[in-house]
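Asks: I have a structure here, written as structure tokens, and I will follow up with some questions on it.
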Amino acid sequence: MAEQVASAAMPEQGRPWALSVIVFLVVGALVAWSTTIVALSRFYGSEGTLLRFDNIGIPNPVITPCFWGAVGFVVALAWSGSLYSRVRRVNPVGGYRMLGWFLVACVLFGWSVVGYESWRLNQSQTGSIIGCLAEPMTSIFQSPCLYGSSMYLAAMLAAFLVVRKSSAA
């Protein structure tokens, strides 16, 4: 029985990539949630509630892409943590494949937001737009979405590397 469990475990070359998925998702979650918490506190300070969605000067952070990207990081992080906790017992290649496809959706979402912000900056008469933090943004490099999308991309690539390295062994 012990030999069966050991032979079913993830090969050594897949483990560092499995850990890197978690690292990328933790960094992305920190960026996304720090931005979201600042936006939520500013909105609450301005409006006195988080339940107002219309007739306001700045959008409620709950309906912005930043909030939903932050939720995506929590889901992906919990998923990858669950998979990593089983790495030594079983080879969760199928789970990493599914996580990779979820991260593909997150990458498409994140980079489409970055593209939209970039387009808005390019179309702006003043050279600035109001970003996620409800402050003027004059460069796409000021967008937390750029950094979150980069972390999604890195995590997605690492997840598919887990699958490739584990399947090759």
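Chain labels A, B, ... are given in the sequence in which chains occur in the structure tokens; within each chain residues are numbered consecutively from 1, and ligands are likewise numbered from 1 in the order shown.
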Which residues are close to segment 15-31 of chain A, i.e. within 6 Å by only C-alpha atoms, leaving aside same-chain residues fewer than 5 positions away? Reply as a ChimeraX atom specification.
Replies: /A:73,77,148,151,155,158,162
Asks: Export N, CA and C atoms of the chosen residues as an mmCIF file, in the first residue's frame?
Replies:
```
data_model
loop_
_atom_site.group_PDB
_atom_site.id
_atom_site.type_symbol
_atom_site.label_atom_id
_atom_site.label_comp_id
_atom_site.auth_asym_id
_atom_site.auth_seq_id
_atom_site.Cartn_x
_atom_site.Cartn_y
_atom_site.Cartn_z
ATOM 1 N N PHE A 73 -8.552 35.742 -7.097
ATOM 2 C CA PHE A 73 -7.294 35.350 -6.448
ATOM 3 C C PHE A 73 -7.553 34.471 -5.228
ATOM 4 N N LEU A 77 -6.251 30.764 -5.049
ATOM 5 C CA LEU A 77 -5.308 30.463 -3.969
ATOM 6 C C LEU A 77 -5.804 29.309 -3.111
ATOM 7 N N GLY A 148 -1.727 42.661 -11.050
ATOM 8 C CA GLY A 148 -2.549 41.490 -10.770
ATOM 9 C C GLY A 148 -2.636 40.570 -11.974
ATOM 10 N N MET A 151 0.469 38.580 -12.315
ATOM 11 C CA MET A 151 0.520 37.465 -11.364
ATOM 12 C C MET A 151 -0.391 36.326 -11.802
ATOM 13 N N ALA A 155 1.033 32.629 -12.571
ATOM 14 C CA ALA A 155 0.427 31.469 -11.903
ATOM 15 C C ALA A 155 -0.120 30.477 -12.923
ATOM 16 N N ALA A 158 2.783 28.600 -14.452
ATOM 17 C CA ALA A 158 3.316 27.646 -13.463
ATOM 18 C C ALA A 158 2.381 26.448 -13.297
ATOM 19 N N VAL A 162 3.334 22.553 -13.960
ATOM 20 C CA VAL A 162 3.119 21.434 -13.031
ATOM 21 C C VAL A 162 2.572 20.249 -13.809
#
```
Asks: Can I get the residues of segment 79-154 of chain A within 9 Å of segment 40-62 of chain A, each with the closest pair of atoms and their distance in Å to one decimal, using only C-alpha atoms, sorted chain first then ascending number, as JSON lines?
Replies:
```
{"residue": "A:Ile130", "atom": "CA", "partner": "A:Ile58", "partner_atom": "CA", "distance": 8.7}
{"residue": "A:Cys132", "atom": "CA", "partner": "A:Pro61", "partner_atom": "CA", "distance": 7.8}
{"residue": "A:Leu133", "atom": "CA", "partner": "A:Arg42", "partner_atom": "CA", "distance": 8.1}
{"residue": "A:Ala134", "atom": "CA", "partner": "A:Ile58", "partner_atom": "CA", "distance": 6.6}
```
Asks: Please give the complete set of residues from segment 2-166 of chain A that DSSP, run on the backbone, assigns to strand (DSSP E or B), formatted as a PyMOL selection string.
Replies: chain A and resi 129-130+136-137
Asks: Nearest to Cys66 of chain A among A:Gly110, A:Gly14, A:Gly115, A:Gly127, with distances taken over only C-alpha atoms: which residue is it?
Replies: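 Using only C-alpha atoms, the shortest distance to Cys66 of chain A belongs to A:Gly110.
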Asks: Quick one: residues within 12 Å of Glu117 of chain A, only C-alpha atoms, excluding same-chain residues fewer than 2 positions away - as a count of residues only?
Replies: 31
Asks: Just give me the gap between atom CA of Gly94 of chain A and atom CA of Tyr147 of chain A in Å, one decimal is fine.
Replies: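 According to the coordinates, atom CA of Gly94 of chain A and atom CA of Tyr147 of chain A are separated by 27.7 Å.
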Asks: From the set A:Tyr152, A:Met98, A:Val93, A:Val163, which residue has the shortest atom-to-atom contact distance to Val74 of chain A, counting only C-alpha atoms?
Replies: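 Of A:Tyr152, A:Met98, A:Val93, A:Val163, the one nearest Val74 of chain A, counting only C-alpha atoms, is A:Tyr152.
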Asks: If I take atom CA of Met156 of chain A and atom CA of Gly100 of chain A, how far is one from the other in Å, to one decimal?
Replies: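 Computed distance, atom CA of Met156 of chain A to atom CA of Gly100 of chain A, equals 5.2 Å.
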